[in-house]
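Source file: upload-v8.cif. Holds: mmCIF, C-alpha atoms.
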```
data_upload
#
loop_
_atom_site.label_atom_id
_atom_site.label_comp_id
_atom_site.auth_asym_id
_atom_site.auth_seq_id
_atom_site.Cartn_x
_atom_site.Cartn_y
_atom_site.Cartn_z
CA MET C 1 0.00 0.00 0.00
CA ALA C 2 1.31 3.44 -0.86
CA LEU C 3 2.23 5.77 1.96
CA LYS C 4 1.04 9.35 1.51
CA ARG C 5 2.39 12.09 3.73
CA GLN C 6 -0.01 14.97 4.18
CA PRO C 7 1.21 18.54 3.59
CA GLN C 8 1.88 20.38 6.81
CA HIS C 9 -0.17 23.45 7.77
CA GLY C 10 0.25 26.25 5.27
CA GLN C 11 2.40 24.19 2.90
CA VAL C 12 2.28 24.95 -0.81
CA PRO C 13 1.95 21.66 -2.77
CA GLY C 14 5.14 20.83 -4.64
CA CYS C 15 7.27 23.32 -2.72
CA PRO C 16 9.60 22.60 0.18
CA HIS C 17 7.93 23.89 3.33
CA HIS C 18 11.19 23.83 5.28
CA VAL C 19 14.63 24.29 3.70
CA ALA C 20 17.85 23.83 5.66
CA ILE C 21 21.16 25.10 4.33
CA ILE C 22 24.75 24.19 5.17
CA MET C 23 26.39 27.46 4.14
CA ASP C 24 29.83 26.23 3.10
CA GLY C 25 32.63 27.82 1.12
CA ASN C 26 33.08 31.28 2.65
CA GLY C 27 36.76 30.73 3.42
CA ARG C 28 37.58 29.31 -0.02
CA TRP C 29 35.69 32.15 -1.67
CA ALA C 30 37.87 34.67 0.17
CA THR C 31 41.09 32.75 -0.50
CA GLN C 32 40.34 32.70 -4.23
CA ARG C 33 40.27 36.50 -4.07
CA GLY C 34 43.43 36.81 -2.02
CA ARG C 35 41.53 37.98 1.04
CA PRO C 36 41.41 36.68 4.64
CA ARG C 37 38.79 34.06 5.49
CA LEU C 38 36.74 36.51 7.54
CA PHE C 39 36.18 38.54 4.38
CA GLY C 40 34.32 35.53 3.00
CA HIS C 41 32.25 35.13 6.16
CA HIS C 42 31.11 38.75 5.91
CA ALA C 43 30.16 38.20 2.28
CA GLY C 44 28.25 35.06 3.29
CA ALA C 45 26.34 36.94 5.98
CA ARG C 46 25.15 39.46 3.39
CA ARG C 47 23.88 36.57 1.26
CA VAL C 48 21.60 35.38 4.05
CA ARG C 49 19.28 38.39 3.74
CA GLU C 50 18.72 37.75 0.02
CA ILE C 51 17.77 34.12 0.61
CA VAL C 52 15.48 34.96 3.55
CA GLU C 53 13.67 37.53 1.42
CA ALA C 54 13.22 34.97 -1.37
CA CYS C 55 11.49 32.42 0.85
CA PRO C 56 7.89 33.73 0.69
CA HIS C 57 8.06 33.88 -3.13
CA VAL C 58 8.78 30.14 -3.41
CA GLY C 59 6.51 28.91 -0.63
CA VAL C 60 9.26 28.32 1.94
CA ARG C 61 7.97 29.16 5.41
CA TYR C 62 10.85 27.71 7.43
CA LEU C 63 14.53 28.31 6.72
CA THR C 64 17.28 26.86 8.90
CA ILE C 65 20.91 27.87 8.36
CA PHE C 66 24.06 26.32 9.80
CA ALA C 67 26.14 29.26 11.02
CA PHE C 68 28.65 27.73 13.47
CA SER C 69 29.13 24.09 14.45
CA THR C 70 30.37 22.53 17.67
CA GLU C 71 33.44 21.50 15.66
CA ASN C 72 34.19 25.03 14.44
CA TRP C 73 35.89 25.88 17.75
CA LYS C 74 38.89 24.01 16.30
CA ARG C 75 39.53 26.91 13.92
CA THR C 76 42.07 29.60 14.71
CA GLN C 77 41.33 31.94 17.61
CA VAL C 78 41.32 34.87 15.19
CA GLU C 79 38.68 33.28 12.95
CA VAL C 80 36.48 32.18 15.86
CA ALA C 81 36.63 35.62 17.49
CA GLY C 82 35.86 37.22 14.14
CA LEU C 83 32.84 34.97 13.63
CA MET C 84 31.46 35.75 17.08
CA ASN C 85 31.83 39.45 16.37
CA LEU C 86 30.11 38.92 13.01
CA PHE C 87 27.15 37.22 14.71
CA ARG C 88 26.77 40.15 17.10
CA ARG C 89 26.97 42.66 14.26
CA TYR C 90 24.51 40.66 12.14
CA ILE C 91 21.88 40.69 14.87
CA ILE C 92 22.27 44.43 15.48
CA ARG C 93 22.34 45.32 11.79
CA GLU C 94 19.56 43.03 10.57
CA THR C 95 16.93 43.40 13.30
CA LYS C 96 15.07 46.19 11.50
CA ALA C 97 14.94 44.31 8.19
CA LEU C 98 13.87 41.08 9.89
CA MET C 99 11.01 42.87 11.59
CA ALA C 100 9.95 44.62 8.37
CA ASN C 101 9.87 41.32 6.51
CA GLY C 102 7.88 39.49 9.20
CA VAL C 103 10.70 37.08 10.05
CA CYS C 104 10.55 35.09 13.28
CA VAL C 105 14.08 34.22 14.43
CA ARG C 106 15.11 31.30 16.59
CA PHE C 107 18.55 30.09 17.58
CA ILE C 108 19.43 26.44 18.16
CA GLY C 109 22.55 24.94 19.67
CA ASP C 110 24.27 24.93 23.04
CA ARG C 111 24.54 28.53 24.26
CA ASP C 112 26.68 27.75 27.32
CA ARG C 113 29.95 28.37 25.48
CA LEU C 114 28.87 31.65 23.88
CA ASP C 115 29.69 35.02 25.44
CA ASN C 116 27.02 36.81 27.48
CA LYS C 117 26.69 39.77 25.11
CA LEU C 118 25.93 37.48 22.18
CA ILE C 119 23.46 35.44 24.23
CA THR C 120 21.65 38.61 25.29
CA LEU C 121 21.40 39.77 21.67
CA MET C 122 20.08 36.35 20.64
CA ASN C 123 17.47 36.35 23.38
CA ASP C 124 16.38 39.89 22.56
CA LEU C 125 16.04 39.14 18.85
CA GLU C 126 13.98 36.03 19.56
CA ALA C 127 11.66 38.01 21.83
CA ALA C 128 11.34 40.93 19.40
CA THR C 129 10.44 38.71 16.43
CA ALA C 130 8.37 36.08 18.25
CA ALA C 131 5.04 37.29 16.84
CA ASN C 132 6.24 37.34 13.21
CA ASP C 133 4.96 34.57 10.97
CA VAL C 134 5.94 35.18 7.33
CA VAL C 135 9.24 33.29 7.51
CA HIS C 136 10.64 31.31 10.43
CA LEU C 137 14.43 31.68 10.34
CA THR C 138 16.37 29.30 12.57
CA ILE C 139 20.08 29.97 13.03
CA ALA C 140 22.26 27.15 14.32
CA ILE C 141 25.15 28.49 16.43
CA ASN C 142 27.42 26.16 18.41
CA TYR C 143 25.21 23.43 17.06
CA GLY C 144 25.98 19.78 16.37
CA GLY C 145 23.47 17.04 15.66
CA ARG C 146 25.10 14.54 18.02
CA ASP C 147 25.39 17.17 20.74
CA GLU C 148 21.72 18.06 20.30
CA VAL C 149 20.62 14.43 20.60
CA SER C 150 22.86 13.95 23.65
CA ARG C 151 21.37 16.99 25.39
CA ALA C 152 17.85 15.92 24.48
CA THR C 153 18.46 12.41 25.78
CA ARG C 154 19.70 13.77 29.10
CA ARG C 155 16.51 15.81 29.50
CA LEU C 156 14.38 12.83 28.55
CA ALA C 157 16.27 10.58 30.99
CA GLN C 158 15.76 13.13 33.77
CA ASP C 159 12.01 13.15 33.13
CA VAL C 160 11.99 9.36 33.36
CA ALA C 161 14.01 9.45 36.59
CA ASP C 162 11.63 12.07 38.05
CA GLY C 163 8.58 10.01 37.16
CA ARG C 164 7.21 12.47 34.57
CA LEU C 165 7.66 9.94 31.77
CA ARG C 166 7.34 6.16 31.76
CA PRO C 167 10.09 4.20 29.96
CA GLU C 168 7.49 2.14 28.09
CA ASP C 169 6.01 5.33 26.66
CA VAL C 170 9.25 6.37 24.95
CA ASP C 171 9.06 5.91 21.19
CA GLU C 172 10.28 7.68 18.05
CA GLU C 173 7.78 10.48 18.62
CA THR C 174 9.12 11.20 22.12
CA LEU C 175 12.69 12.36 21.49
CA PRO C 176 11.76 15.12 18.99
CA ARG C 177 9.88 16.90 21.79
CA TYR C 178 13.24 17.32 23.58
CA LEU C 179 15.26 18.49 20.56
CA ASP C 180 16.21 22.13 19.94
CA THR C 181 13.88 22.03 16.92
CA CYS C 182 10.83 20.79 18.84
CA VAL C 183 8.60 23.57 17.46
CA LEU C 184 9.74 23.14 13.85
CA PRO C 185 8.68 20.72 11.12
CA ASP C 186 11.41 18.45 9.76
CA PRO C 187 13.26 19.88 6.75
CA ASP C 188 11.96 18.83 3.36
CA LEU C 189 15.11 19.91 1.54
CA VAL C 190 18.70 20.25 2.75
CA ILE C 191 21.11 22.21 0.55
CA ARG C 192 24.88 22.16 0.95
CA THR C 193 26.98 24.60 -1.02
CA SER C 194 30.68 24.43 -2.05
CA GLY C 195 30.82 20.96 -3.62
CA GLU C 196 31.21 18.95 -0.42
CA ALA C 197 28.92 15.90 -0.22
CA ARG C 198 28.50 15.32 3.50
CA ILE C 199 26.02 16.45 6.14
CA SER C 200 28.59 17.48 8.77
CA ASN C 201 26.58 16.62 11.88
CA PHE C 202 23.65 18.85 10.87
CA LEU C 203 20.05 17.98 11.85
CA LEU C 204 20.82 14.27 12.07
CA TRP C 205 17.47 13.22 13.52
CA GLN C 206 15.34 15.73 11.66
CA SER C 207 16.70 15.02 8.17
CA ALA C 208 15.97 11.29 8.15
CA TYR C 209 13.68 11.71 5.14
CA SER C 210 14.91 15.02 3.77
CA GLU C 211 15.87 15.44 0.15
CA TYR C 212 19.46 16.64 -0.40
CA GLU C 213 21.09 18.93 -2.92
CA PHE C 214 24.90 19.13 -2.96
CA ILE C 215 25.91 21.99 -5.25
CA ASP C 216 29.30 23.34 -6.32
CA THR C 217 28.45 27.02 -5.76
CA LEU C 218 30.35 28.64 -2.89
CA TRP C 219 27.96 30.20 -0.37
CA PRO C 220 28.78 33.89 -1.10
CA ASP C 221 27.95 33.17 -4.77
CA PHE C 222 24.66 31.37 -4.02
CA THR C 223 22.01 33.56 -5.61
CA ARG C 224 18.31 33.95 -5.13
CA ALA C 225 17.80 32.56 -8.64
CA GLU C 226 19.70 29.36 -7.77
CA PHE C 227 17.74 29.00 -4.54
CA GLU C 228 14.44 29.42 -6.36
CA SER C 229 15.53 26.90 -9.01
CA LEU C 230 16.34 24.26 -6.38
CA CYS C 231 13.03 24.85 -4.64
CA SER C 232 11.17 24.57 -7.94
CA ALA C 233 12.97 21.32 -8.83
CA PHE C 234 11.97 19.87 -5.47
CA GLY C 235 8.41 19.44 -6.76
CA GLY C 236 9.62 16.80 -9.20
CA ARG C 237 11.03 14.51 -6.54
CA ASP C 238 9.25 11.26 -5.70
CA ARG C 239 9.08 11.16 -1.89
CA ARG C 240 7.74 7.74 -0.80
CA TYR C 241 8.91 7.63 2.84
CA GLY C 242 9.69 3.93 2.56
CA GLY C 243 6.46 3.06 0.75
CA VAL C 244 5.75 2.35 -2.91
CA ARG C 245 3.51 3.98 -5.45
CA PRO C 246 0.39 2.01 -6.48
#
```

Take the structure in the file and give it back as structure tokens.
Amino acid sequence: MALKRQPQHGQVPGCPHHVAIIMDGNGRWATQRGRPRLFGHHAGARRVREIVEACPHVGVRYLTIFAFSTENWKRTQVEVAGLMNLFRRYIIRETKALMANGVCVRFIGDRDRLDNKLITLMNDLEAATAANDVVHLTIAINYGGRDEVSRATRRLAQDVADGRLRPEDVDEETLPRYLDTCVLPDPDLVIRTSGEARISNFLLWQSAYSEYEFIDTLWPDFTRAEFESLCSAFGGRDRRYGGVRP
């Protein structure tokens, strides 16, 4: 028997409701131009606004972007410090545009290692945009899929230990309620730029049935037209979720 997955609330048939992007290639883009890696990260940050603004035109209501992974702390101190400063500047600079475009912003990842000023800015932006509903932008900072599942499992285990949850009631629908993305639908489409064909510890649980696009374009060169083309092509995919067509 064929399995048919119903469109989620507000979903446009044939369009990805939720797109997640691994924004890769900023450093290489800068190196190709003889510039420091941070130059590429700044160019990549400017690209984010263009893609966010394109979402309503292609039926994308949820956009999740991978900004900084739990593994990125291994980079040089100069690059890490520069990225943290870029995140702070992005929030300050983009708040007005995000509000004007009806964008609701959420951050996922472990905030414990981030500096207090950045955490305050993140919290304030989430609160300021909470009522917006045109596009839901989720930014993953100090995020790793394995780390997320580990943190979620600890919270779940604590609820079992405290008697709020029975072990026999734990199933595949239980863990997602403890994930950072508990209020989000799973991504329909995951895009990775820069020619790398790996998922790099991004949304491991959530992307179990996502479609993937690995493209050669470096993130600072990823245009609205290319984004719209990928979203349009998504409608031609045959998503069976383990079932078969009659």

### Message
Given the point (10.7, 32.0, 8.8) in the coordinates of this file, which residues lie within 10 Å, counting all atoms listed in the file, and how would they look as a VMD selection string?
### Response
chain C and resid 18 52 to 53 55 to 56 60 to 64 98 101 to 106 132 to 138

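Non-sequential neighbours of Ala45 in chain C (distance at most 9 Å, separation of 3 or more positions within a chain, all atoms listed in the file) are Gly40, His41, His42, Val48, Arg49, Leu86, Phe87, Tyr90 and Pro220 of chain C.
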
Mind writing the picked residues with C-alpha atoms as an mmCIF file, in the coordinates of the input?
```
data_model
loop_
_atom_site.group_PDB
_atom_site.id
_atom_site.type_symbol
_atom_site.label_atom_id
_atom_site.label_comp_id
_atom_site.auth_asym_id
_atom_site.auth_seq_id
_atom_site.Cartn_x
_atom_site.Cartn_y
_atom_site.Cartn_z
ATOM 1 C CA GLY C 40 34.320 35.530 3.000
ATOM 2 C CA HIS C 41 32.250 35.130 6.160
ATOM 3 C CA HIS C 42 31.110 38.750 5.910
ATOM 4 C CA VAL C 48 21.600 35.380 4.050
ATOM 5 C CA ARG C 49 19.280 38.390 3.740
ATOM 6 C CA LEU C 86 30.110 38.920 13.010
ATOM 7 C CA PHE C 87 27.150 37.220 14.710
ATOM 8 C CA TYR C 90 24.510 40.660 12.140
ATOM 9 C CA PRO C 220 28.780 33.890 -1.100
#
```

### Query
So which residues get picked by the PyMOL selection byres ((chain C and resi 71-76) around 12) here, written as a ChimeraX atom specification?
/C:27,37-38,66-70,77-84,113-114,141-147,200-202

Generate a file of the selected residues that holds C-alpha atoms, formatted as a short mmCIF file (atom, residue, chain, number, x, y, z; two decimals), keeping the file's coordinate frame.
```
data_model
loop_
_atom_site.label_atom_id
_atom_site.label_comp_id
_atom_site.auth_asym_id
_atom_site.auth_seq_id
_atom_site.Cartn_x
_atom_site.Cartn_y
_atom_site.Cartn_z
CA GLY C 27 36.76 30.73 3.42
CA ARG C 37 38.79 34.06 5.49
CA LEU C 38 36.74 36.51 7.54
CA PHE C 66 24.06 26.32 9.80
CA ALA C 67 26.14 29.26 11.02
CA PHE C 68 28.65 27.73 13.47
CA SER C 69 29.13 24.09 14.45
CA THR C 70 30.37 22.53 17.67
CA GLN C 77 41.33 31.94 17.61
CA VAL C 78 41.32 34.87 15.19
CA GLU C 79 38.68 33.28 12.95
CA VAL C 80 36.48 32.18 15.86
CA ALA C 81 36.63 35.62 17.49
CA GLY C 82 35.86 37.22 14.14
CA LEU C 83 32.84 34.97 13.63
CA MET C 84 31.46 35.75 17.08
CA ARG C 113 29.95 28.37 25.48
CA LEU C 114 28.87 31.65 23.88
CA ILE C 141 25.15 28.49 16.43
CA ASN C 142 27.42 26.16 18.41
CA TYR C 143 25.21 23.43 17.06
CA GLY C 144 25.98 19.78 16.37
CA GLY C 145 23.47 17.04 15.66
CA ARG C 146 25.10 14.54 18.02
CA ASP C 147 25.39 17.17 20.74
CA SER C 200 28.59 17.48 8.77
CA ASN C 201 26.58 16.62 11.88
CA PHE C 202 23.65 18.85 10.87
#
```

### Query
Hey, what's within 9 Å of Ala54 in chain C if we count only C-alpha atoms and toss same-chain stuff fewer than 6 positions away? As a PyMOL selection string, please?
chain C and resi 60+224-225+227-228

### Query
For Arg111 in chain C, which residue out of C:Leu175, C:Ala140, C:Ala130, C:Ala97 is the nearest one, using all atoms listed in the file?
C:Ala140

Enumerate, as a PDB file with C-alpha atoms, in the frame of the given file, the residues matched when the PyMOL selection byres ((chain C and resi 118) around 10) is run on the file above.
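What landed in part.pdb:
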```
ATOM      1  CA  MET C  84      31.460  35.750  17.080  1.00  0.00           C
ATOM      2  CA  ASN C  85      31.830  39.450  16.370  1.00  0.00           C
ATOM      3  CA  PHE C  87      27.150  37.220  14.710  1.00  0.00           C
ATOM      4  CA  ARG C  88      26.770  40.150  17.100  1.00  0.00           C
ATOM      5  CA  ARG C  89      26.970  42.660  14.260  1.00  0.00           C
ATOM      6  CA  ILE C  91      21.880  40.690  14.870  1.00  0.00           C
ATOM      7  CA  ARG C 111      24.540  28.530  24.260  1.00  0.00           C
ATOM      8  CA  LEU C 114      28.870  31.650  23.880  1.00  0.00           C
ATOM      9  CA  ASP C 115      29.690  35.020  25.440  1.00  0.00           C
ATOM     10  CA  ASN C 116      27.020  36.810  27.480  1.00  0.00           C
ATOM     11  CA  LYS C 117      26.690  39.770  25.110  1.00  0.00           C
ATOM     12  CA  ILE C 119      23.460  35.440  24.230  1.00  0.00           C
ATOM     13  CA  THR C 120      21.650  38.610  25.290  1.00  0.00           C
ATOM     14  CA  LEU C 121      21.400  39.770  21.670  1.00  0.00           C
ATOM     15  CA  MET C 122      20.080  36.350  20.640  1.00  0.00           C
ATOM     16  CA  ASN C 123      17.470  36.350  23.380  1.00  0.00           C
ATOM     17  CA  ASP C 124      16.380  39.890  22.560  1.00  0.00           C
TER      18      ASP C 124
END
```

### Task
One decimal, Å: what's the distance from CA of Tyr209 in chain C over to CA of Pro185 in chain C, could you say?
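The value is 11.9 Å.
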
## Note on the structure
Separating CA of Arg28 in chain C from CA of Trp205 in chain C, to the nearest tenth of an Å, is a gap of 29.1 Å

### Message
Let me make sure I understand: among C:Thr153, C:Asn26, C:Gln158, C:Thr181, which one has the smallest atom-to-atom distance to Gly109 in chain C if we use all atoms listed in the file?
### Response
C:Thr181

### Query
Looking at only C-alpha atoms, which of C:Leu230, C:Leu203, C:Leu179, C:Ala208 is the one that sits closest to Ser150 in chain C?
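That would be C:Leu179, the residue with the smallest distance to Ser150 in chain C.
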
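Residues matched by the PyMOL selection byres ((chain C and resi 15) around 9) in this file: Gln11, Val12, Pro13, Gly14, Pro16, His17, His18, Val58, Gly59, Val60, Asp188, Cys231, Ser232, Ala233, Phe234 and Gly235 of chain C.
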
#### Entry: Computed interatomic separation between CA of Thr193 in chain C and CA of Phe222 in chain C (Å)
7.8 Å

### Query
Restricting the calculation to all atoms listed in the file, which member of C:Gly34, C:Phe107, C:Asp216, C:Asp112 is positioned closest to Ala127 in chain C?
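With all atoms listed in the file as the atom set, the closest residue is C:Phe107.
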
### Message
I'd like to know which of C:Met99, C:Ala20, C:Leu156, C:Val149 is closest to Leu204 in chain C, using all atoms listed in the file.
### Response
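The closest residue to Leu204 in chain C is C:Val149.
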
Missing atoms in range 73-108 of chain C need filling: write out N, CA and C atoms for it as a JSON list (two decimals), in the frame of the given file.
```json
[["chain", "number", "residue", "atom", "x", "y", "z"],
["C", 73, "TRP", "N", 34.98, 25.32, 16.74],
["C", 73, "TRP", "CA", 35.89, 25.88, 17.75],
["C", 73, "TRP", "C", 37.33, 25.47, 17.48],
["C", 74, "LYS", "N", 37.54, 24.47, 16.62],
["C", 74, "LYS", "CA", 38.89, 24.01, 16.30],
["C", 74, "LYS", "C", 39.62, 24.98, 15.37],
["C", 75, "ARG", "N", 38.90, 25.94, 14.81],
["C", 75, "ARG", "CA", 39.53, 26.91, 13.92],
["C", 75, "ARG", "C", 40.40, 27.87, 14.72],
["C", 76, "THR", "N", 41.15, 28.70, 14.02],
["C", 76, "THR", "CA", 42.07, 29.60, 14.71],
["C", 76, "THR", "C", 41.30, 30.55, 15.62],
["C", 77, "GLN", "N", 41.96, 31.01, 16.67],
["C", 77, "GLN", "CA", 41.33, 31.94, 17.61],
["C", 77, "GLN", "C", 40.88, 33.21, 16.90],
["C", 78, "VAL", "N", 41.66, 33.66, 15.92],
["C", 78, "VAL", "CA", 41.32, 34.87, 15.19],
["C", 78, "VAL", "C", 40.02, 34.67, 14.41],
["C", 79, "GLU", "N", 39.89, 33.53, 13.74],
["C", 79, "GLU", "CA", 38.68, 33.28, 12.95],
["C", 79, "GLU", "C", 37.46, 33.12, 13.85],
["C", 80, "VAL", "N", 37.61, 32.38, 14.95],
["C", 80, "VAL", "CA", 36.48, 32.18, 15.86],
["C", 80, "VAL", "C", 36.02, 33.51, 16.45],
["C", 81, "ALA", "N", 36.98, 34.31, 16.92],
["C", 81, "ALA", "CA", 36.63, 35.62, 17.49],
["C", 81, "ALA", "C", 35.95, 36.50, 16.44],
["C", 82, "GLY", "N", 36.45, 36.44, 15.22],
["C", 82, "GLY", "CA", 35.86, 37.22, 14.14],
["C", 82, "GLY", "C", 34.44, 36.79, 13.83],
["C", 83, "LEU", "N", 34.19, 35.48, 13.87],
["C", 83, "LEU", "CA", 32.84, 34.97, 13.63],
["C", 83, "LEU", "C", 31.88, 35.40, 14.73],
["C", 84, "MET", "N", 32.33, 35.33, 15.97],
["C", 84, "MET", "CA", 31.46, 35.75, 17.08],
["C", 84, "MET", "C", 31.11, 37.23, 16.97],
["C", 85, "ASN", "N", 32.09, 38.03, 16.57],
["C", 85, "ASN", "CA", 31.83, 39.45, 16.37],
["C", 85, "ASN", "C", 30.87, 39.66, 15.20],
["C", 86, "LEU", "N", 31.01, 38.84, 14.16],
["C", 86, "LEU", "CA", 30.11, 38.92, 13.01],
["C", 86, "LEU", "C", 28.68, 38.59, 13.41],
["C", 87, "PHE", "N", 28.50, 37.58, 14.26],
["C", 87, "PHE", "CA", 27.15, 37.22, 14.71],
["C", 87, "PHE", "C", 26.51, 38.38, 15.47],
["C", 88, "ARG", "N", 27.31, 39.01, 16.34],
["C", 88, "ARG", "CA", 26.77, 40.15, 17.10],
["C", 88, "ARG", "C", 26.38, 41.29, 16.16],
["C", 89, "ARG", "N", 27.25, 41.59, 15.21],
["C", 89, "ARG", "CA", 26.97, 42.66, 14.26],
["C", 89, "ARG", "C", 25.77, 42.33, 13.38],
["C", 90, "TYR", "N", 25.64, 41.07, 12.99],
["C", 90, "TYR", "CA", 24.51, 40.66, 12.14],
["C", 90, "TYR", "C", 23.19, 40.91, 12.86],
["C", 91, "ILE", "N", 23.12, 40.50, 14.12],
["C", 91, "ILE", "CA", 21.88, 40.69, 14.87],
["C", 91, "ILE", "C", 21.53, 42.17, 14.98],
["C", 92, "ILE", "N", 22.51, 43.00, 15.33],
["C", 92, "ILE", "CA", 22.27, 44.43, 15.48],
["C", 92, "ILE", "C", 21.86, 45.07, 14.16],
["C", 93, "ARG", "N", 22.56, 44.69, 13.09],
["C", 93, "ARG", "CA", 22.34, 45.32, 11.79],
["C", 93, "ARG", "C", 21.03, 44.86, 11.13],
["C", 94, "GLU", "N", 20.67, 43.60, 11.32],
["C", 94, "GLU", "CA", 19.56, 43.03, 10.57],
["C", 94, "GLU", "C", 18.22, 43.06, 11.28],
["C", 95, "THR", "N", 18.19, 43.44, 12.54],
["C", 95, "THR", "CA", 16.93, 43.40, 13.30],
["C", 95, "THR", "C", 15.81, 44.17, 12.60],
["C", 96, "LYS", "N", 16.10, 45.36, 12.14],
["C", 96, "LYS", "CA", 15.07, 46.19, 11.50],
["C", 96, "LYS", "C", 14.51, 45.51, 10.26],
["C", 97, "ALA", "N", 15.38, 44.97, 9.42],
["C", 97, "ALA", "CA", 14.94, 44.31, 8.19],
["C", 97, "ALA", "C", 14.15, 43.04, 8.50],
["C", 98, "LEU", "N", 14.58, 42.30, 9.51],
["C", 98, "LEU", "CA", 13.87, 41.08, 9.89],
["C", 98, "LEU", "C", 12.46, 41.40, 10.36],
["C", 99, "MET", "N", 12.32, 42.46, 11.13],
["C", 99, "MET", "CA", 11.01, 42.87, 11.59],
["C", 99, "MET", "C", 10.14, 43.33, 10.42],
["C", 100, "ALA", "N", 10.71, 44.10, 9.51],
["C", 100, "ALA", "CA", 9.95, 44.62, 8.37],
["C", 100, "ALA", "C", 9.46, 43.51, 7.46],
["C", 101, "ASN", "N", 10.24, 42.43, 7.38],
["C", 101, "ASN", "CA", 9.87, 41.32, 6.51],
["C", 101, "ASN", "C", 9.08, 40.23, 7.22],
["C", 102, "GLY", "N", 8.70, 40.47, 8.47],
["C", 102, "GLY", "CA", 7.88, 39.49, 9.20],
["C", 102, "GLY", "C", 8.60, 38.19, 9.51],
["C", 103, "VAL", "N", 9.90, 38.28, 9.79],
["C", 103, "VAL", "CA", 10.70, 37.08, 10.05],
["C", 103, "VAL", "C", 10.76, 36.79, 11.54],
["C", 104, "CYS", "N", 10.42, 35.58, 11.91],
["C", 104, "CYS", "CA", 10.55, 35.09, 13.28],
["C", 104, "CYS", "C", 11.88, 34.36, 13.39],
["C", 105, "VAL", "N", 12.73, 34.78, 14.30],
["C", 105, "VAL", "CA", 14.08, 34.22, 14.43],
["C", 105, "VAL", "C", 14.18, 33.35, 15.67],
["C", 106, "ARG", "N", 14.77, 32.19, 15.48],
["C", 106, "ARG", "CA", 15.11, 31.30, 16.59],
["C", 106, "ARG", "C", 16.57, 30.88, 16.45],
["C", 107, "PHE", "N", 17.19, 30.62, 17.58],
["C", 107, "PHE", "CA", 18.55, 30.09, 17.58],
["C", 107, "PHE", "C", 18.54, 28.69, 18.19],
["C", 108, "ILE", "N", 19.28, 27.78, 17.59],
["C", 108, "ILE", "CA", 19.43, 26.44, 18.16],
["C", 108, "ILE", "C", 20.90, 26.17, 18.38]]
```
